[in-house]
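Structure below is run-v3.txt: compact mmCIF, C-alpha atoms.
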# COMPACT_ATOMS: atom_id res chain seq x y z
CA MET A 792 -43.23 108.88 -28.02
CA THR A 793 -40.70 107.68 -30.59
CA ASP A 794 -38.02 109.92 -31.99
CA ILE A 795 -39.30 112.30 -34.63
CA ALA A 796 -36.97 110.80 -37.25
CA ALA A 797 -38.42 107.34 -36.66
CA ARG A 798 -42.06 108.29 -37.11
CA GLY A 799 -42.08 108.05 -40.89
CA TYR A 800 -42.90 111.65 -41.73
CA THR A 801 -42.30 112.98 -45.22
CA ASP A 802 -40.31 115.92 -43.85
CA PRO A 803 -39.24 115.23 -40.28
CA SER A 804 -36.89 118.22 -40.32
CA VAL A 805 -39.81 120.57 -39.80
CA LEU A 806 -40.33 119.30 -36.26
CA VAL A 807 -37.87 119.63 -33.42
CA SER A 808 -38.02 117.88 -30.09
CA THR A 809 -38.00 119.57 -26.70
CA SER A 810 -34.53 118.15 -26.07
CA TRP A 811 -33.26 119.65 -29.35
CA MET A 812 -34.70 122.95 -28.23
CA ALA A 813 -33.00 122.67 -24.86
CA ASP A 814 -29.70 122.07 -26.62
CA ASN A 815 -30.18 125.12 -28.83
CA LEU A 816 -31.31 127.77 -26.36
CA ALA A 817 -28.11 129.71 -26.91
CA ASN A 818 -27.77 129.01 -30.62
CA PRO A 819 -27.49 132.43 -32.33
CA GLY A 820 -28.88 130.97 -35.55
CA VAL A 821 -32.13 129.97 -33.85
CA ARG A 822 -34.94 132.26 -32.78
CA ILE A 823 -37.48 130.64 -30.49
CA VAL A 824 -40.95 132.13 -30.90
CA GLU A 825 -43.92 131.57 -28.62
CA SER A 826 -47.41 132.09 -30.04
CA ASN A 827 -50.40 131.63 -27.77
CA GLU A 828 -54.08 132.23 -27.59
CA ASP A 829 -53.86 133.52 -24.03
CA PRO A 830 -52.20 136.95 -24.02
CA LEU A 831 -51.12 136.57 -20.37
CA LEU A 832 -49.26 133.33 -20.88
CA TYR A 833 -46.00 134.49 -22.46
CA PRO A 834 -45.48 137.40 -20.05
CA SER A 835 -46.13 135.07 -17.12
CA SER A 836 -43.39 132.66 -18.26
CA HIS A 837 -41.74 131.37 -21.40
CA ILE A 838 -38.74 129.42 -22.61
CA PRO A 839 -35.60 131.45 -21.88
CA GLY A 840 -34.74 133.67 -24.82
CA ALA A 841 -38.05 133.14 -26.61
CA ALA A 842 -39.68 136.04 -28.45
CA GLU A 843 -43.43 136.48 -28.49
CA VAL A 844 -45.41 136.74 -31.71
CA ASP A 845 -48.97 137.62 -30.81
CA TRP A 846 -51.60 136.57 -33.30
CA THR A 847 -53.83 139.57 -32.74
CA ARG A 848 -51.31 142.37 -32.39
CA ASP A 849 -48.46 141.15 -34.58
CA LEU A 850 -49.98 139.12 -37.39
CA ASN A 851 -53.35 140.70 -38.09
CA GLN A 852 -54.31 144.08 -39.45
CA PRO A 853 -56.35 146.13 -36.99
CA ILE A 854 -58.99 147.33 -39.44
CA VAL A 855 -59.24 145.04 -42.46
CA ARG A 856 -59.69 141.36 -41.74
CA ASP A 857 -56.39 140.26 -43.22
CA TYR A 858 -52.83 139.51 -42.27
CA LEU A 859 -50.00 141.96 -42.16
CA GLU A 860 -48.38 143.06 -45.41
CA LYS A 861 -44.72 142.94 -46.44
CA GLU A 862 -43.76 146.09 -44.51
CA GLY A 863 -45.38 144.85 -41.32
CA PHE A 864 -43.71 141.47 -41.64
CA GLU A 865 -40.33 143.09 -42.17
CA ALA A 866 -40.85 145.24 -39.09
CA LEU A 867 -41.87 142.21 -37.04
CA MET A 868 -38.85 140.20 -38.13
CA GLY A 869 -36.58 143.15 -37.44
CA ARG A 870 -38.04 143.56 -33.95
CA ILE A 871 -37.47 139.92 -33.00
CA GLY A 872 -34.01 139.91 -34.55
CA VAL A 873 -34.62 137.47 -37.37
CA THR A 874 -32.81 137.36 -40.71
CA PRO A 875 -33.75 135.16 -43.68
CA GLU A 876 -31.08 132.74 -42.49
CA THR A 877 -32.46 132.44 -38.95
CA THR A 878 -34.16 129.17 -38.05
CA VAL A 879 -37.42 130.16 -36.40
CA VAL A 880 -38.83 127.54 -34.03
CA PHE A 881 -42.43 128.06 -32.96
CA TYR A 882 -44.17 126.67 -29.92
CA GLY A 883 -47.21 127.62 -27.88
CA ASP A 884 -50.32 126.73 -25.95
CA LYS A 885 -53.33 124.78 -27.16
CA ASN A 886 -51.15 121.98 -28.53
CA ASN A 887 -49.47 124.39 -30.92
CA TRP A 888 -52.62 125.72 -32.63
CA TRP A 889 -51.26 129.23 -32.56
CA ALA A 890 -47.72 128.15 -33.27
CA THR A 891 -48.77 126.44 -36.48
CA TYR A 892 -50.92 129.45 -37.30
CA ALA A 893 -47.91 131.76 -37.00
CA PHE A 894 -45.79 129.24 -38.93
CA TRP A 895 -48.41 129.26 -41.71
CA ILE A 896 -48.42 133.05 -41.92
CA PHE A 897 -44.61 133.05 -42.11
CA GLN A 898 -44.99 130.86 -45.20
CA LEU A 899 -47.03 133.61 -46.87
CA PHE A 900 -43.75 135.54 -46.84
CA GLY A 901 -41.60 132.58 -47.80
CA HIS A 902 -39.76 132.17 -44.50
CA SER A 903 -39.34 128.44 -45.01
CA ASN A 904 -36.54 128.17 -42.46
CA ALA A 905 -39.14 127.49 -39.78
CA LYS A 906 -39.97 124.61 -37.47
CA ILE A 907 -42.44 123.57 -34.80
CA MET A 908 -41.41 122.27 -31.39
CA ASP A 909 -43.28 118.99 -31.11
CA GLY A 910 -45.62 118.97 -28.12
CA GLY A 911 -45.40 122.72 -27.64
CA ARG A 912 -45.48 124.41 -24.29
CA LEU A 913 -47.35 121.54 -22.69
CA LYS A 914 -44.58 119.01 -23.28
CA TRP A 915 -41.81 121.44 -22.31
CA GLU A 916 -43.53 122.11 -18.99
CA LEU A 917 -44.38 118.46 -18.36
CA GLU A 918 -40.69 117.71 -18.64
CA GLY A 919 -39.88 120.34 -16.04
CA ARG A 920 -37.67 122.32 -18.38
CA PRO A 921 -36.67 125.90 -17.53
CA MET A 922 -39.05 128.82 -17.86
CA THR A 923 -38.55 132.49 -17.12
CA ASP A 924 -40.52 135.71 -17.05
CA GLU A 925 -37.47 137.72 -18.11
CA LEU A 926 -38.12 139.51 -21.38
CA PRO A 927 -35.31 139.06 -23.90
CA SER A 928 -33.94 141.82 -26.07
CA PHE A 929 -32.79 141.33 -29.63
CA GLU A 930 -30.44 143.17 -31.91
CA PRO A 931 -32.78 144.58 -34.59
CA THR A 932 -32.27 143.25 -38.09
CA GLY A 933 -33.06 144.65 -41.50
CA TYR A 934 -35.21 141.91 -42.95
CA LEU A 935 -36.28 142.20 -46.58
CA ALA A 936 -39.37 140.15 -47.28
CA PRO A 937 -40.99 139.40 -50.62
CA LYS A 938 -44.52 140.61 -51.26
CA ARG A 939 -46.98 138.41 -49.46
CA ASN A 940 -47.93 135.43 -51.62
CA ASP A 941 -51.26 133.90 -50.61
CA SER A 942 -51.72 131.64 -53.61
CA ARG A 943 -49.79 128.59 -52.46
CA VAL A 944 -51.12 127.89 -48.98
CA ARG A 945 -54.15 130.15 -48.46
CA ALA A 946 -57.67 129.70 -49.81
CA PHE A 947 -60.09 132.57 -50.23
CA ARG A 948 -63.85 132.27 -50.47
CA ASP A 949 -64.08 132.08 -54.28
CA ARG A 950 -61.56 129.27 -54.44
CA VAL A 951 -63.48 127.40 -51.76
CA ILE A 952 -66.72 127.79 -53.71
CA ASP A 953 -65.08 126.51 -56.92
CA HIS A 954 -63.46 123.68 -54.98
CA MET A 955 -66.78 122.68 -53.43
CA MET A 956 -68.56 122.81 -56.80
CA ALA A 957 -65.88 120.52 -58.24
CA ASP A 958 -66.35 118.04 -55.38
CA GLY A 959 -62.87 118.80 -54.09
CA LYS A 960 -61.73 117.59 -50.72
CA LEU A 961 -62.55 119.81 -47.76
CA VAL A 962 -61.53 118.96 -44.22
CA ASP A 963 -63.52 120.51 -41.39
CA VAL A 964 -61.35 120.21 -38.28
CA ARG A 965 -63.85 121.61 -35.76
CA SER A 966 -65.63 119.55 -33.13
CA PRO A 967 -68.46 117.21 -34.22
CA GLU A 968 -70.94 119.58 -32.53
CA GLU A 969 -69.71 122.49 -34.60
CA PHE A 970 -69.63 120.37 -37.78
CA SER A 971 -73.24 119.31 -37.32
CA GLY A 972 -74.38 122.81 -36.43
CA LYS A 973 -75.68 121.52 -33.12
CA ARG A 974 -73.43 123.67 -30.97
CA LEU A 975 -74.76 126.92 -32.42
CA HIS A 976 -78.14 125.99 -31.02
CA MET A 977 -77.02 124.58 -27.69
CA PRO A 978 -78.45 126.57 -24.80
CA ASP A 979 -75.99 128.82 -22.97
CA TYR A 980 -73.24 128.37 -25.54
CA PRO A 981 -71.84 131.55 -27.00
CA ASN A 982 -72.65 131.86 -30.67
CA GLU A 983 -69.78 130.86 -32.88
CA GLY A 984 -69.48 134.20 -34.57
CA ALA A 985 -71.78 132.87 -37.27
CA LEU A 986 -75.46 133.16 -38.08
CA ARG A 987 -75.79 129.62 -39.39
CA GLY A 988 -74.46 126.30 -38.12
CA GLY A 989 -73.28 123.30 -40.08
CA HIS A 990 -70.46 122.73 -42.55
CA ILE A 991 -69.45 123.37 -46.13
CA PRO A 992 -71.19 120.82 -48.37
CA GLY A 993 -69.01 117.81 -49.05
CA ALA A 994 -66.56 118.48 -46.20
CA VAL A 995 -65.37 115.57 -44.09
CA SER A 996 -65.16 115.92 -40.34
CA VAL A 997 -61.74 115.22 -38.84
CA PRO A 998 -61.29 117.13 -35.59
CA TRP A 999 -57.74 118.51 -35.46
CA ALA A 1000 -56.96 116.74 -32.18
CA ARG A 1001 -57.03 113.34 -33.86
CA ALA A 1002 -53.53 114.14 -35.15
CA ILE A 1003 -51.96 114.42 -31.72
CA ASN A 1004 -51.27 112.39 -28.64
CA PRO A 1005 -53.38 114.14 -26.01
CA GLU A 1006 -51.09 113.38 -23.11
CA ASP A 1007 -48.21 115.53 -24.42
CA GLY A 1008 -49.45 117.22 -27.60
CA THR A 1009 -46.95 115.48 -29.89
CA PHE A 1010 -47.94 114.44 -33.39
CA LYS A 1011 -48.89 110.82 -33.96
CA PRO A 1012 -46.60 108.71 -36.17
CA ALA A 1013 -47.15 108.83 -39.93
CA ASP A 1014 -48.75 105.40 -40.17
CA GLU A 1015 -51.43 106.38 -37.66
CA LEU A 1016 -52.01 109.68 -39.44
CA ARG A 1017 -52.28 107.93 -42.81
CA GLN A 1018 -54.83 105.55 -41.33
CA ILE A 1019 -57.00 108.51 -40.35
CA TYR A 1020 -56.59 110.86 -43.29
CA LEU A 1021 -55.95 108.50 -46.22
CA GLN A 1022 -57.57 105.17 -45.39
CA GLU A 1023 -60.46 106.42 -43.27
CA GLN A 1024 -61.23 109.70 -45.04
CA GLY A 1025 -60.03 108.89 -48.54
CA LEU A 1026 -57.74 111.88 -48.93
CA LYS A 1027 -54.93 111.61 -51.47
CA ALA A 1028 -51.56 113.29 -51.13
CA ASP A 1029 -51.56 114.63 -54.70
CA GLU A 1030 -55.09 116.05 -54.61
CA GLU A 1031 -56.05 119.59 -53.71
CA VAL A 1032 -57.28 119.79 -50.14
CA ILE A 1033 -58.72 122.76 -48.25
CA THR A 1034 -58.80 122.80 -44.47
CA TYR A 1035 -60.97 125.08 -42.36
CA CYS A 1036 -62.29 125.60 -38.83
CA ARG A 1037 -63.77 128.74 -37.24
CA ILE A 1038 -61.09 131.33 -38.00
CA GLY A 1039 -58.31 129.21 -39.46
CA GLU A 1040 -56.18 128.53 -36.41
CA ARG A 1041 -57.08 124.91 -35.69
CA SER A 1042 -57.05 124.17 -39.41
CA SER A 1043 -53.51 125.52 -39.72
CA HIS A 1044 -52.52 122.65 -37.41
CA THR A 1045 -54.07 120.15 -39.83
CA TRP A 1046 -52.61 122.05 -42.82
CA PHE A 1047 -49.16 121.71 -41.25
CA MET A 1048 -49.58 118.01 -40.56
CA LEU A 1049 -50.91 117.15 -44.03
CA THR A 1050 -48.30 119.24 -45.83
CA TYR A 1051 -45.13 118.37 -43.98
CA LEU A 1052 -45.77 115.17 -42.08
CA LEU A 1053 -47.79 113.33 -44.74
CA GLY A 1054 -46.38 115.10 -47.79
CA PHE A 1055 -49.60 116.43 -49.31
CA SER A 1056 -48.60 118.75 -52.12
CA LYS A 1057 -51.60 121.06 -52.50
CA VAL A 1058 -53.16 121.86 -49.14
CA ARG A 1059 -54.56 125.32 -48.50
CA ASN A 1060 -55.95 126.76 -45.30
CA TYR A 1061 -59.23 128.67 -45.59
CA ASP A 1062 -58.78 131.27 -42.85
CA GLY A 1063 -62.16 132.87 -43.53
CA SER A 1064 -63.44 129.55 -42.24
CA TRP A 1065 -66.81 129.27 -40.54
CA THR A 1066 -66.93 132.88 -39.36
CA GLU A 1067 -67.06 133.80 -43.06
CA TRP A 1068 -68.96 130.87 -44.56
CA GLY A 1069 -71.56 130.72 -41.78
CA ASN A 1070 -72.38 134.39 -42.34
CA LEU A 1071 -72.18 134.41 -46.12
CA VAL A 1072 -75.46 135.30 -47.79
CA GLY A 1073 -76.58 132.49 -50.04
CA ALA A 1074 -73.75 130.10 -49.18
CA PRO A 1075 -74.91 126.49 -49.18
CA ILE A 1076 -74.62 124.65 -45.89
CA GLU A 1077 -74.94 121.03 -44.90
CA LYS A 1078 -75.85 119.84 -41.43
CA MET B 1154 -70.87 157.31 -17.01
CA PRO B 1155 -67.22 156.29 -16.65
CA GLU B 1156 -66.62 152.71 -17.78
CA ALA B 1157 -65.72 151.51 -14.31
CA ASP B 1158 -68.98 152.82 -12.83
CA ARG B 1159 -71.09 150.51 -14.95
CA TYR B 1160 -70.28 147.66 -12.58
CA PRO B 1161 -70.83 146.80 -8.91
CA ALA B 1162 -68.69 148.87 -6.55
CA LYS B 1163 -65.98 146.34 -5.74
CA LEU B 1164 -65.52 145.44 -9.38
CA SER B 1165 -65.49 149.10 -10.39
CA LYS B 1166 -62.76 149.80 -7.88
CA LEU B 1167 -60.63 146.91 -9.13
CA LEU B 1168 -61.23 147.87 -12.75
CA ARG B 1169 -60.06 151.42 -12.05
CA ARG B 1170 -56.87 150.03 -10.52
CA ILE B 1171 -56.21 147.80 -13.51
CA THR B 1172 -56.97 150.43 -16.13
CA ALA B 1173 -54.80 152.96 -14.32
CA ALA B 1174 -51.78 151.06 -15.60
CA ALA B 1175 -49.69 153.34 -17.79
CA THR B 1176 -48.84 150.68 -20.36
CA ARG B 1177 -50.28 147.47 -21.74
CA ALA B 1178 -47.39 145.58 -20.17
CA GLU B 1179 -48.24 146.96 -16.73
CA ARG B 1180 -51.89 146.01 -17.14
CA ILE B 1181 -50.91 142.50 -18.18
CA GLN B 1182 -48.56 142.19 -15.21
CA THR B 1183 -51.35 143.27 -12.87
CA LEU B 1184 -53.62 140.60 -14.34
CA ILE B 1185 -50.87 137.99 -14.04
CA ASP B 1186 -50.36 138.94 -10.39
CA ILE B 1187 -54.08 138.55 -9.83
CA SER B 1188 -54.07 135.14 -11.55
CA ARG B 1189 -51.43 133.94 -9.08
CA ARG B 1190 -53.94 134.35 -6.28
CA TYR B 1191 -56.15 131.71 -7.91
CA ARG B 1192 -57.22 128.92 -5.57
CA GLU B 1193 -59.44 126.18 -6.88
CA VAL B 1194 -62.83 125.43 -5.44
CA PRO B 1195 -62.51 124.08 -1.86
CA GLN B 1196 -63.00 120.34 -1.46
CA ARG B 1197 -65.92 120.91 0.90
CA ILE B 1198 -67.73 122.43 -2.10
CA ALA B 1199 -66.66 120.12 -4.94
CA THR B 1200 -64.03 117.57 -5.87
CA ARG B 1201 -62.84 116.14 -9.17
CA PRO B 1202 -64.24 115.08 -11.48
CA TYR B 1203 -66.18 118.30 -11.69
CA THR B 1204 -69.57 117.78 -13.23
CA LYS B 1205 -70.90 118.95 -16.55
CA ASP B 1206 -73.69 121.00 -14.99
CA HIS B 1207 -71.09 123.31 -13.43
CA GLU B 1208 -68.93 123.62 -16.54
CA VAL B 1209 -68.80 126.96 -18.32
CA PRO B 1210 -70.16 126.26 -21.79
CA GLY B 1211 -67.90 127.16 -24.66
CA CYS B 1212 -64.86 127.86 -22.47
CA GLU B 1213 -61.84 125.89 -23.63
CA SER B 1214 -59.97 126.36 -20.36
CA GLY B 1215 -62.17 123.83 -18.59
CA VAL B 1216 -63.74 126.24 -16.11
CA TYR B 1217 -66.32 125.20 -13.52
CA VAL B 1218 -68.39 127.54 -11.36
CA TYR B 1219 -69.79 126.71 -7.94
CA THR B 1220 -71.75 128.83 -5.50
CA GLU B 1221 -72.34 128.78 -1.82
CA ASP B 1222 -75.20 130.53 -0.03
CA ARG B 1223 -74.17 133.24 2.40
CA ASP B 1224 -76.12 134.22 5.50
CA ASP B 1225 -76.88 137.64 4.05
CA GLY B 1226 -78.70 136.12 1.09
CA THR B 1227 -75.90 136.70 -1.38
CA LEU B 1228 -73.63 134.13 -3.00
CA GLU B 1229 -70.02 133.10 -2.56
CA PHE B 1230 -68.46 132.14 -5.90
CA HIS B 1231 -65.85 129.43 -6.38
CA PHE B 1232 -64.08 128.39 -9.56
CA ALA B 1233 -62.04 125.53 -10.92
CA VAL B 1234 -59.81 126.21 -13.94
CA GLU B 1235 -58.50 122.92 -15.24
CA ASN B 1236 -56.29 124.18 -18.07
CA PRO B 1237 -52.86 124.92 -16.56
CA HIS B 1238 -52.31 127.44 -19.38
CA GLY B 1239 -55.57 129.27 -18.68
CA ILE B 1240 -53.95 132.29 -17.03
CA SER B 1241 -56.63 134.71 -18.21
CA ALA B 1242 -59.37 132.38 -16.96
CA LYS B 1243 -57.63 132.18 -13.59
CA ALA B 1244 -57.33 135.96 -13.39
CA LEU B 1245 -61.00 136.39 -14.22
CA ALA B 1246 -61.95 133.67 -11.72
CA VAL B 1247 -60.11 135.54 -8.96
CA ILE B 1248 -61.69 138.85 -9.98
CA LEU B 1249 -65.21 137.45 -10.08
CA ALA B 1250 -64.80 135.54 -6.82
CA ASP B 1251 -63.38 138.60 -5.05
CA THR B 1252 -65.86 141.13 -6.36
CA MET B 1253 -69.11 139.25 -6.90
CA SER B 1254 -69.12 137.21 -3.68
CA GLY B 1255 -71.29 139.07 -1.20
CA THR B 1256 -72.56 141.50 -3.82
CA PRO B 1257 -76.36 141.93 -3.97
CA LEU B 1258 -77.84 139.35 -6.33
CA ALA B 1259 -79.57 141.91 -8.49
CA GLN B 1260 -76.23 143.56 -9.27
CA VAL B 1261 -74.52 140.27 -10.04
CA ALA B 1262 -77.46 139.19 -12.18
CA ALA B 1263 -77.08 142.34 -14.25
CA LEU B 1264 -73.33 141.97 -14.74
CA SER B 1265 -72.42 142.68 -18.35
CA SER B 1266 -69.93 140.45 -20.15
CA ASP B 1267 -68.41 143.68 -21.50
CA ILE B 1268 -66.28 143.50 -18.37
CA VAL B 1269 -64.06 141.04 -20.25
CA TYR B 1270 -63.00 143.69 -22.75
CA ASP B 1271 -62.72 146.36 -20.06
CA LEU B 1272 -60.34 144.14 -18.09
CA PHE B 1273 -58.35 142.45 -20.84
CA GLY B 1274 -58.63 144.93 -23.70
CA GLN B 1275 -59.81 144.30 -27.24
CA GLU B 1276 -56.87 142.18 -28.29
CA LEU B 1277 -58.39 138.81 -27.49
CA SER B 1278 -59.00 136.03 -29.93
CA MET B 1279 -62.60 135.18 -30.64
CA GLY B 1280 -62.34 131.89 -28.78
CA LYS B 1281 -60.72 133.46 -25.74
CA SER B 1282 -63.20 136.33 -25.50
CA MET B 1283 -66.16 133.98 -25.90
CA GLY B 1284 -64.85 131.68 -23.19
CA LEU B 1285 -64.23 134.51 -20.73
CA GLN B 1286 -67.60 136.09 -21.50
CA ALA B 1287 -69.24 132.74 -20.89
CA MET B 1288 -67.70 132.71 -17.38
CA VAL B 1289 -69.27 136.10 -16.66
CA GLN B 1290 -72.61 134.98 -18.06
CA MET B 1291 -72.61 131.86 -15.92
CA VAL B 1292 -71.97 133.91 -12.78
CA ALA B 1293 -74.79 136.28 -13.71
CA ARG B 1294 -77.13 133.37 -14.36
CA ALA B 1295 -76.31 131.84 -10.98
CA ALA B 1296 -77.34 135.09 -9.34
CA GLN B 1297 -80.48 135.28 -11.46
CA ARG B 1298 -81.39 131.77 -10.40
CA ALA B 1299 -80.68 132.45 -6.74
CA ALA B 1300 -82.86 135.52 -6.97
CA GLY B 1301 -85.63 133.42 -8.46
CA ALA B 1302 -85.48 135.04 -11.84
CA VAL B 1303 -84.63 131.84 -13.68
CA THR B 1304 -85.22 128.24 -12.83
CA ALA B 1305 -82.88 126.36 -15.14
CA ASP B 1306 -80.51 123.85 -13.58
CA GLY B 1307 -76.81 124.44 -13.85
CA VAL B 1308 -75.26 126.26 -10.94
CA GLY B 1309 -75.64 125.99 -7.23
In structure tokens, how does this file's structure come out?
Amino acid sequence: MTDIAARGYTDPSVLVSTSWMADNLANPGVRIVESNEDPLLYPSSHIPGAAEVDWTRDLNQPIVRDYLEKEGFEALMGRIGVTPETTVVFYGDKNNWWATYAFWIFQLFGHSNAKIMDGGRLKWELEGRPMTDELPSFEPTGYLAPKRNDSRVRAFRDRVIDHMMADGKLVDVRSPEEFSGKRLHMPDYPNEGALRGGHIPGAVSVPWARAINPEDGTFKPADELRQIYLQEQGLKADEEVITYCRIGERSSHTWFMLTYLLGFSKVRNYDGSWTEWGNLVGAPIEK
Amino acid sequence: MPEADRYPAKLSKLLRRITAAATRAERIQTLIDISRRYREVPQRIATRPYTKDHEVPGCESGVYVYTEDRDDGTLEFHFAVENPHGISAKALAVILADTMSGTPLAQVAALSSDIVYDLFGQELSMGKSMGLQAMVQMVARAAQRAAGAVTADGVG
């Protein structure tokens, strides 16, 4: 894969390479954060010095389906020793699904000093770089966060309905079988947490994985991404776009790519996604 | 009935050991230790590429289930977990292979996928819990089929 700076991204600074990470393991201005789907993965091994931010325990509220509020975010940042000046670099399993999800939630609190390690855990391990099961400790910080601001990067149901009615662009990043509704009816498959299968009317299907190189999880160069999202799907960088999947994790990967790598200015992630829409009484569905 | 007693004896015993952990970190470490005992399906049973009819549906860790008939009429379970990051899937594969192999088919056939939450706790993502539950369901179905309760193709 070519150097990140040579791939033509709108904002290449938001990605760091594995070699950059290796050079900055001891950098006190950098906090490495691992976010995974598998709760056993970080405790089994992680990049030396990395903190864990767990999607379920750290970023979600236990009762209401919503993300943590200002106080919870401040406590989290204090626990992992982050200040507003700290550069937070996320990585994780599943080609960085959960890393981009955590990155996205950090943007709800305006922590823009954040980056993704290109290729995630997969690439780091493929390169034989060091891992440890030693748990790091951090000097607690007193982080003051602003009130959570959902308006810029998060879409709620009513906005999605208005967007759909106005023929706005929606990108469904799930698999073709989920998009068509076929998987919900496939024998032996677990139900998708939804009563109905299909997609939001007018959505285009672009599975999230089309943005990456499968062999190492790195993002494709900008010209290849533009071919897929602009030429093939007709998206425009200055138009409002809403991404969604099942719960908003895969679509945060596409949100990240459209926003930072292709420079789309108004992309929002609909984290209610199919687990909300596919259960919503009266919501229109296409198959 | 205590939670652990809802399951076949060997699984109940293991579950009691895991849930006896004083902290979440201890429980996780126990599960990690178990995952390190994972050995993929022996070559005499199956070799790559593993076939679709043995794949656990809906599991993103690329898990395959194989069975072998035992002389006592029960089944020996074997697993392949293709995702190197699928630590939870490997732990569950070891647990199911250890505790369901040699267990009477009727008990395996009745195995509840609730075991996933009893082992791993409630703090699993939807995708992860569905994938792990699908592993349990596939094991139960294999036993149902071996016992003649179902006839669908898929495991064996």
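For chain B, the residues no farther than 9 Å from chain A when using only C-alpha atoms are Ala1178, Ile1181, Gln1182, Leu1184, Ile1185, Asp1186, Val1209, Pro1210, Gly1211, Cys1212, Pro1237, His1238, Gly1239, Ile1240, Ser1241, Phe1273, Glu1276, Leu1277, Ser1278, Met1279, Gly1280, Lys1281, Met1283, Gly1284, Gln1286, Ala1287, Gln1290 and Met1291 of chain B.
Among the candidates B:Val1269, B:Met1253, B:Ala1300, B:Val1292, the residue lying nearest to Glu1208 in chain B is B:Val1292 (atoms considered: all atoms listed in the file).
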Original post:
Quick one: of B:Ile1171, B:Leu1285, B:Leu1249, B:Ala1259, who's nearest to Glu1213 in chain B, counting only C-alpha atoms?
Top reply: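 Residue with the minimum atom-to-atom distance to Glu1213 in chain B: B:Leu1285.
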**OP:** Record the distance separating CA of Ile1019 in chain A and CA of Val962 in chain A, expressed in Å with one decimal.
**Re:**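 A separation of 12.0 Å between them.
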**OP:** Could you check how far CA of Glu860 in chain A sits from CA of Gln1275 in chain B, in Å to one decimal?
**Re:** 21.5 Å
Original post:
What separation in Å, quoted to one decimal, exists between CA of Leu1258 in chain B and CA of Glu1229 in chain B?
Top reply: 10.7 Å
Original post:
Could you name the residues that touch Ile1003 in chain A at 12 Å or less, counting only C-alpha atoms, but leaving out those on the same chain fewer than 3 positions away, as a PyMOL selection string?
Top reply: chain A and resi 792+885-888+909-911+998-1000+1006-1013+1015-1016+1019+1044-1045+1048
Subject >> Who sits within 6 Å of Gly1069 in chain A, all atoms listed in the file, same chain under 6 positions skipped, as a VMD selection string >> reply: chain A and resid 985 to 987
Subject >> Contact residues around Leu1167 in chain B with all atoms listed in the file at 9 Å, ignoring same-chain residues under 4 positions, as JSON, numbers by chain >> reply: {"B": [1157, 1162, 1163, 1171, 1172, 1248, 1252]}
Around range 1031-1041 of chain A, with edges along x, y and z and 3 Å added on all six sides, what centre and edge lengths do you get, in Å to one decimal, as lines of an AutoDock Vina configuration file?
center_x = -59.9
center_y = 125.5
center_z = -44.7
size_x = 13.7
size_y = 17.7
size_z = 24.0
Original post:
Counting all atoms listed in the file, which of B:Asn1236, B:Ala1199, B:Lys1205, B:Arg1169 gets nearest to Glu1221 in chain B?
Top reply: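 Closest to Glu1221 in chain B of all the choices is B:Ala1199.
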**OP:** Please return, as a PyMOL selection string, all polymer residues that have at least one atom within 9 Å of the point (-55.5, 117.7, -49.1); use all atoms listed in the file and the file's own coordinate frame.
**Re:** chain A and resi 959-962+1026-1034+1046+1049-1050+1055-1059
**OP:** Find the residues near Val997 in chain A: any atom within 8 Å, counting all atoms listed in the file, skip ones fewer than 6 places away on the same chain, and give them as a list of chain:residue names.
**Re:** A:Val962, A:Asp963, A:Val964, A:Arg965
